[in-house]
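*Asks:* One file is attached below, upload_2.tsv, containing TSV, C-alpha atoms and all ligand atoms.
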chain	number	residue	atom	x	y	z
G	1	MET	CA	-3.80	44.30	-70.54
G	2	VAL	CA	-3.02	44.22	-66.82
G	3	ARG	CA	0.47	45.52	-66.10
G	4	ALA	CA	2.70	44.12	-63.36
G	5	SER	CA	2.81	46.21	-60.15
G	6	LYS	CA	6.06	47.54	-58.73
G	7	GLU	CA	6.04	44.73	-56.14
G	8	GLU	CA	5.44	42.11	-58.82
G	9	ILE	CA	8.28	43.49	-60.92
G	10	GLU	CA	10.61	43.21	-57.93
G	11	ALA	CA	9.48	39.61	-57.30
G	12	ILE	CA	9.93	38.68	-60.96
G	13	LYS	CA	13.39	40.26	-60.97
G	14	LYS	CA	14.34	38.32	-57.83
G	15	PHE	CA	13.13	35.10	-59.47
G	16	PHE	CA	15.37	35.56	-62.52
G	17	LEU	CA	18.39	36.68	-60.47
G	18	GLU	CA	18.09	33.69	-58.15
G	19	ASN	CA	17.24	31.01	-60.68
G	20	TYR	CA	19.26	32.05	-63.69
G	21	LYS	CA	22.31	33.77	-62.21
G	22	ASN	CA	24.75	31.62	-64.18
G	23	ALA	CA	22.69	31.37	-67.35
G	24	LYS	CA	24.61	31.68	-70.60
G	25	THR	CA	23.72	31.46	-74.25
G	26	GLU	CA	23.23	27.97	-75.67
G	27	LEU	CA	25.22	28.97	-78.75
G	28	LYS	CA	28.59	27.23	-78.77
G	29	TYR	CA	31.61	29.54	-79.13
G	30	LYS	CA	35.22	29.87	-77.99
G	31	SER	CA	35.99	33.50	-78.77
G	32	LEU	CA	34.38	36.86	-79.46
G	33	TYR	CA	34.74	36.13	-83.19
G	34	GLU	CA	32.89	32.81	-82.88
G	35	LEU	CA	30.20	34.37	-80.69
G	36	LEU	CA	29.57	37.21	-83.14
G	37	VAL	CA	29.31	34.81	-86.09
G	38	ALA	CA	26.97	32.50	-84.14
G	39	VAL	CA	24.71	35.37	-83.03
G	40	ILE	CA	24.51	36.73	-86.61
G	41	LEU	CA	23.55	33.25	-87.83
G	42	SER	CA	20.96	32.82	-85.07
G	43	ALA	CA	18.62	35.58	-86.33
G	44	GLN	CA	15.37	33.80	-87.31
G	45	CYS	CA	17.15	30.47	-86.78
G	46	THR	CA	17.34	28.19	-83.74
G	47	ASP	CA	20.48	27.95	-81.59
G	48	LYS	CA	20.34	24.20	-82.18
G	49	ARG	CA	20.62	24.66	-85.95
G	50	VAL	CA	23.43	27.23	-85.55
G	51	ASN	CA	25.37	24.79	-83.35
G	52	ILE	CA	25.13	22.18	-86.11
G	53	ILE	CA	26.49	24.63	-88.69
G	54	THR	CA	29.32	26.34	-86.79
G	55	PRO	CA	31.87	23.51	-86.23
G	56	ALA	CA	32.53	23.14	-89.98
G	57	PHE	CA	32.30	26.90	-90.43
G	58	PHE	CA	34.97	27.61	-87.80
G	59	GLU	CA	37.17	24.85	-89.16
G	60	LYS	CA	37.16	26.54	-92.57
G	61	TYR	CA	37.21	30.12	-91.24
G	62	PRO	CA	38.94	29.98	-87.84
G	63	ASP	CA	39.34	33.75	-87.45
G	64	ILE	CA	38.22	37.12	-88.70
G	65	SER	CA	41.01	37.43	-91.29
G	66	SER	CA	40.19	34.09	-92.95
G	67	LEU	CA	36.50	35.06	-93.10
G	68	ALA	CA	37.41	38.43	-94.63
G	69	LYS	CA	39.06	36.58	-97.53
G	70	ALA	CA	36.26	34.04	-97.95
G	71	ASP	CA	34.34	33.43	-101.15
G	72	VAL	CA	30.71	34.36	-100.45
G	73	GLU	CA	29.43	31.39	-102.48
G	74	GLU	CA	31.45	28.98	-100.33
G	75	VAL	CA	30.11	30.62	-97.16
G	76	LYS	CA	26.57	30.22	-98.51
G	77	GLU	CA	27.19	26.53	-99.09
G	78	LEU	CA	28.30	26.07	-95.47
G	79	ILE	CA	25.35	27.90	-93.93
G	80	LYS	CA	22.60	26.99	-96.41
G	81	SER	CA	20.52	25.12	-93.81
G	82	CYS	CA	20.07	28.40	-91.95
G	83	SER	CA	17.27	30.83	-92.79
G	84	PHE	CA	18.24	33.90	-94.88
G	85	PHE	CA	21.58	32.25	-95.68
G	86	ASN	CA	22.15	34.38	-98.81
G	87	ASN	CA	22.09	37.64	-96.91
G	88	LYS	CA	23.84	36.20	-93.89
G	89	ALA	CA	26.74	34.95	-96.04
G	90	LYS	CA	27.22	38.40	-97.62
G	91	ASN	CA	26.94	40.11	-94.25
G	92	LEU	CA	29.40	37.76	-92.55
G	93	VAL	CA	32.10	38.35	-95.16
G	94	ASN	CA	31.47	42.12	-95.23
G	95	MET	CA	31.47	42.22	-91.43
G	96	ALA	CA	34.89	40.51	-91.38
G	97	LYS	CA	36.25	42.83	-94.10
G	98	THR	CA	35.07	45.88	-92.13
G	99	VAL	CA	36.71	44.61	-88.93
G	100	MET	CA	39.97	44.06	-90.82
G	101	GLU	CA	39.90	47.45	-92.56
G	102	LYS	CA	38.43	49.74	-89.91
G	103	TYR	CA	39.24	48.03	-86.59
G	104	LYS	CA	42.67	46.54	-87.32
G	105	GLY	CA	41.28	43.02	-87.12
G	106	GLU	CA	39.88	43.50	-83.56
G	107	ILE	CA	36.14	43.09	-83.14
G	108	PRO	CA	35.06	46.13	-81.09
G	109	LEU	CA	33.53	45.18	-77.74
G	110	ASP	CA	31.25	48.19	-77.70
G	111	GLU	CA	27.61	48.15	-78.77
G	112	LYS	CA	27.85	51.53	-80.52
G	113	GLU	CA	30.70	50.26	-82.69
G	114	LEU	CA	29.27	46.77	-83.19
G	115	VAL	CA	26.09	48.13	-84.80
G	116	LYS	CA	28.25	49.80	-87.46
G	117	LEU	CA	29.28	46.36	-88.75
G	118	PRO	CA	27.34	44.83	-91.69
G	119	GLY	CA	24.68	42.40	-90.48
G	120	VAL	CA	24.90	43.56	-86.87
G	121	GLY	CA	21.71	45.19	-85.63
G	122	ARG	CA	20.87	46.44	-82.17
G	123	LYS	CA	19.68	43.03	-80.92
G	124	THR	CA	22.78	41.20	-82.19
G	125	ALA	CA	25.07	43.82	-80.64
G	126	HIS	CA	23.25	43.65	-77.31
G	127	VAL	CA	23.28	39.84	-77.21
G	128	VAL	CA	27.05	39.84	-77.85
G	129	MET	CA	27.67	42.49	-75.17
G	130	ILE	CA	25.43	40.70	-72.64
G	131	GLU	CA	27.05	37.33	-73.22
G	132	PHE	CA	30.69	38.34	-73.63
G	133	ALA	CA	30.92	41.41	-71.39
G	134	GLY	CA	28.02	41.01	-68.93
G	135	ALA	CA	26.81	44.43	-70.08
G	136	ASN	CA	23.74	45.95	-68.45
G	137	LEU	CA	21.70	45.77	-71.66
G	138	MET	CA	18.45	44.13	-72.71
G	139	ALA	CA	17.83	42.33	-75.99
G	140	VAL	CA	14.34	41.28	-77.02
G	141	ASP	CA	14.02	38.12	-79.05
G	142	THR	CA	10.85	36.09	-79.56
G	143	HIS	CA	11.16	34.43	-76.11
G	144	VAL	CA	11.82	37.64	-74.19
G	145	PHE	CA	8.96	39.37	-76.05
G	146	ARG	CA	6.47	36.60	-75.19
G	147	VAL	CA	7.51	36.28	-71.53
G	148	ALA	CA	7.47	40.07	-71.03
G	149	HIS	CA	3.91	40.26	-72.34
G	150	ARG	CA	2.58	37.26	-70.44
G	151	LEU	CA	3.98	38.64	-67.20
G	152	GLY	CA	2.51	42.10	-67.81
G	153	LEU	CA	5.94	43.73	-68.01
G	154	SER	CA	5.13	45.33	-71.35
G	155	ASP	CA	2.20	45.77	-73.67
G	156	ALA	CA	4.33	47.21	-76.47
G	157	LYS	CA	3.86	46.08	-80.03
G	158	THR	CA	7.54	46.24	-81.03
G	159	PRO	CA	10.70	44.61	-79.64
G	160	GLU	CA	12.30	48.08	-79.38
G	161	LYS	CA	9.56	49.46	-77.13
G	162	THR	CA	9.46	46.20	-75.15
G	163	GLU	CA	13.20	46.57	-74.56
G	164	GLU	CA	12.59	50.08	-73.23
G	165	ASP	CA	9.81	48.83	-70.90
G	166	LEU	CA	12.05	46.06	-69.54
G	167	ARG	CA	14.95	48.46	-69.05
G	168	GLU	CA	12.74	50.87	-67.13
G	169	ALA	CA	11.18	48.08	-65.06
G	170	PHE	CA	14.35	46.25	-64.01
G	171	LYS	CA	17.07	48.93	-64.37
G	172	ASP	CA	20.06	46.77	-63.42
G	173	HIS	CA	21.31	43.18	-63.82
G	174	LEU	CA	19.68	43.27	-67.24
G	175	ASP	CA	22.21	40.78	-68.60
G	176	ILE	CA	21.17	38.05	-66.13
G	177	ILE	CA	17.48	38.86	-66.58
G	178	HIS	CA	17.86	38.66	-70.38
G	179	GLN	CA	19.59	35.28	-70.25
G	180	GLY	CA	16.98	34.05	-67.76
G	181	MET	CA	14.03	35.22	-69.84
G	182	VAL	CA	15.42	33.50	-72.95
G	183	LEU	CA	15.81	30.13	-71.19
G	184	PHE	CA	12.55	30.51	-69.25
G	185	GLY	CA	10.76	31.25	-72.53
G	186	ARG	CA	12.46	28.40	-74.35
G	187	TYR	CA	11.78	25.68	-71.80
G	188	ILE	CA	8.95	26.76	-69.45
G	189	CYS	CA	6.89	29.59	-70.88
G	190	THR	CA	6.90	28.15	-74.38
G	191	ALA	CA	4.83	29.63	-77.21
G	192	LYS	CA	2.55	26.59	-77.39
G	193	ASN	CA	1.54	24.60	-74.31
G	194	PRO	CA	3.56	26.54	-71.71
G	195	LYS	CA	4.40	24.50	-68.63
G	196	CYS	CA	2.28	26.60	-66.28
G	197	GLU	CA	2.03	23.82	-63.66
G	198	GLU	CA	5.77	23.95	-63.01
G	199	CYS	CA	6.18	27.71	-63.51
G	200	GLY	CA	7.74	29.59	-60.60
G	201	LEU	CA	6.13	32.83	-61.76
G	202	ARG	CA	2.52	31.62	-61.93
G	203	GLU	CA	1.26	33.94	-59.24
G	204	TYR	CA	2.43	36.99	-61.21
G	205	CYS	CA	1.33	35.78	-64.64
G	206	LYS	CA	-1.35	37.75	-66.49
G	207	SER	CA	-1.98	35.04	-69.09
G	208	LYS	CA	-2.14	31.66	-67.42
G	209	GLU	CA	-5.92	31.47	-67.59
G	210	ASN	CA	-5.46	31.35	-71.36
G	211	PHE	CA	-3.68	28.05	-70.91
G	212	LYS	CA	-6.17	26.43	-68.55
G	213	ALA	CA	-3.51	26.20	-65.89
G	214	GLY	CA	-4.86	28.74	-63.43
I	301	LIG	S1	2.08	30.66	-65.75
I	301	LIG	FE1	2.34	29.79	-67.81
I	301	LIG	S2	2.00	31.46	-69.24
I	301	LIG	FE2	2.33	32.36	-67.23
I	301	LIG	S3	4.53	32.84	-67.14
I	301	LIG	FE3	4.26	30.81	-66.26
I	301	LIG	S4	4.54	29.35	-67.95
I	301	LIG	FE4	4.20	31.40	-68.83
Could you render the structure as structure tokens?
*Replies:*
Amino acid sequence: MVRASKEEIEAIKKFFLENYKNAKTELKYKSLYELLVAVILSAQCTDKRVNIITPAFFEKYPDISSLAKADVEEVKELIKSCSFFNNKAKNLVNMAKTVMEKYKGEIPLDEKELVKLPGVGRKTAHVVMIEFAGANLMAVDTHVFRVAHRLGLSDAKTPEKTEEDLREAFKDHLDIIHQGMVLFGRYICTAKNPKCEECGLREYCKSKENFKAG
């Protein structure tokens, strides 16, 4: 696979910083608690689906202490339209219990502490830190993975290695670039039928010939 040159990486970075500088997650939330719950729910599930589930969820469990006391079966019932809802329900309640017992009810805004919580992996912790704290971190979901590969920014087989490639390529403003790559992947560089004709990164793309748009 052809890799992007240093100049191309700079141009791609500039594109995301200029076009997505105010980009935020499409998950709806009003607090760190709500964001963390929404991001946990969003694993293998669309943001759209999560946004349908969370209003009733936050009405029933408005804060970390109410979730810590929740009945797992009732949580399952509320989130059952989400993939992996059995595990997610257990993780959500255990996450809340851990925050109450080990962090005095305060969700830690630190990726090294967040990953110690049940159900919170590296990607979830990074997404929360990027969105809530503007942290200089990268998180690789299905959109970021696809865009990174099509643009020749990485040829890695795993999200972890792709994250490393993106971190080394861009170095700073990773939060804005992450948010930009998610939205760009969701609406322009889609998995099927990407909108190559209206893509602002066409000249740097290593894949567009595959979509008969070159
Ligand atoms: S030209 Fe097409 S495939 Fe390439 S980055 Fe743009 S939308 Fe994606």
*Asks:* Distance limit 12 Å, reference ligand LIG 301 (chain I), atoms considered: all atoms listed in the file. Which residues make the cut? Give them as JSON, numbers by chain.
*Replies:* {"G": [12, 15, 143, 144, 145, 146, 147, 148, 149, 150, 151, 152, 153, 181, 183, 184, 185, 186, 187, 188, 189, 190, 191, 192, 193, 194, 195, 196, 197, 198, 199, 200, 201, 202, 203, 204, 205, 206, 207, 208, 209, 210, 211, 212, 213, 214]}
*Asks:* If you count all atoms listed in the file, which residues fall within 10 Å of region 67-79 of chain G, apart from same-chain ones fewer than 3 positions away, as a compact mmCIF listing (two decimals) with C-alpha atoms, in the coordinates of the input?
*Replies:*
# COMPACT_ATOMS: atom_id res chain seq x y z
CA LEU G 41 23.55 33.25 -87.83
CA ARG G 49 20.62 24.66 -85.95
CA VAL G 50 23.43 27.23 -85.55
CA ILE G 52 25.13 22.18 -86.11
CA ILE G 53 26.49 24.63 -88.69
CA THR G 54 29.32 26.34 -86.79
CA ALA G 56 32.53 23.14 -89.98
CA PHE G 57 32.30 26.90 -90.43
CA PHE G 58 34.97 27.61 -87.80
CA LYS G 60 37.16 26.54 -92.57
CA TYR G 61 37.21 30.12 -91.24
CA PRO G 62 38.94 29.98 -87.84
CA ASP G 63 39.34 33.75 -87.45
CA ILE G 64 38.22 37.12 -88.70
CA CYS G 82 20.07 28.40 -91.95
CA SER G 83 17.27 30.83 -92.79
CA PHE G 84 18.24 33.90 -94.88
CA PHE G 85 21.58 32.25 -95.68
CA ASN G 86 22.15 34.38 -98.81
CA ASN G 87 22.09 37.64 -96.91
CA LYS G 88 23.84 36.20 -93.89
CA ALA G 89 26.74 34.95 -96.04
CA LYS G 90 27.22 38.40 -97.62
CA ASN G 91 26.94 40.11 -94.25
CA LEU G 92 29.40 37.76 -92.55
CA VAL G 93 32.10 38.35 -95.16
CA ASN G 94 31.47 42.12 -95.23
CA MET G 95 31.47 42.22 -91.43
CA ALA G 96 34.89 40.51 -91.38
CA LYS G 97 36.25 42.83 -94.10
CA THR G 98 35.07 45.88 -92.13
CA VAL G 99 36.71 44.61 -88.93
CA MET G 100 39.97 44.06 -90.82
CA GLU G 101 39.90 47.45 -92.56
CA GLY G 105 41.28 43.02 -87.12
*Asks:* Please compute the CA of Phe132 (chain G)-CA of Gly180 (chain G) distance, one decimal, in Å.
*Replies:*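 Interatomic distance, CA of Phe132 (chain G) to CA of Gly180 (chain G): 15.5 Å.
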*Asks:* Within 10 Å of (34.1, 45.4, -83.5) (coordinates as in the file), grab all the protein and nucleic acid residues, counting all atoms listed in the file, and write them out as a list of chain:residue names.
*Replies:* G:Leu32, G:Tyr33, G:Leu36, G:Met95, G:Ala96, G:Thr98, G:Val99, G:Met100, G:Lys102, G:Tyr103, G:Lys104, G:Gly105, G:Glu106, G:Ile107, G:Pro108, G:Leu109, G:Asp110, G:Glu111, G:Lys112, G:Glu113, G:Leu114, G:Val115, G:Lys116, G:Leu117, G:Val120, G:Ala125
*Asks:* Using all atoms listed in the file, which of G:Ser81, G:Thr142, G:Thr25, G:Asn51 sits nearest Ile130 (chain G)?
*Replies:*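 The closest residue to Ile130 (chain G) is G:Thr25.
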*Asks:* Go ahead and compute the interatomic distance for CA of Ala38 (chain G) and CA of Lys123 (chain G), in Å to one decimal.
*Replies:*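 Between CA of Ala38 (chain G) and CA of Lys123 (chain G) the gap is 13.2 Å.
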*Asks:* Using only C-alpha atoms, which of G:Gly134, G:Gly121, G:Ala4, G:Lys28 sits nearest Lys48 (chain G)?
*Replies:* G:Lys28
*Asks:* So, counting only C-alpha atoms, which residue among G:Val182, G:Ile176, G:Glu163, G:Val127 is closest to Tyr20 (chain G)?
*Replies:*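 Looking at the shortest contact to Tyr20 (chain G), the residue is G:Ile176.
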*Asks:* Given the point (19.3, 41.8, -69.6) in the coordinates of this file, which residues lie within 12 Å, counting all atoms listed in the file, and how would they look as an MDAnalysis selection string?
*Replies:* chainID G and resid 13 16:17 20:21 23:24 123 126:131 133:141 144 163:182
*Asks:* Between CA of Thr124 (chain G) and CA of Leu27 (chain G), what is the spacing in Å?
*Replies:* 12.9 Å
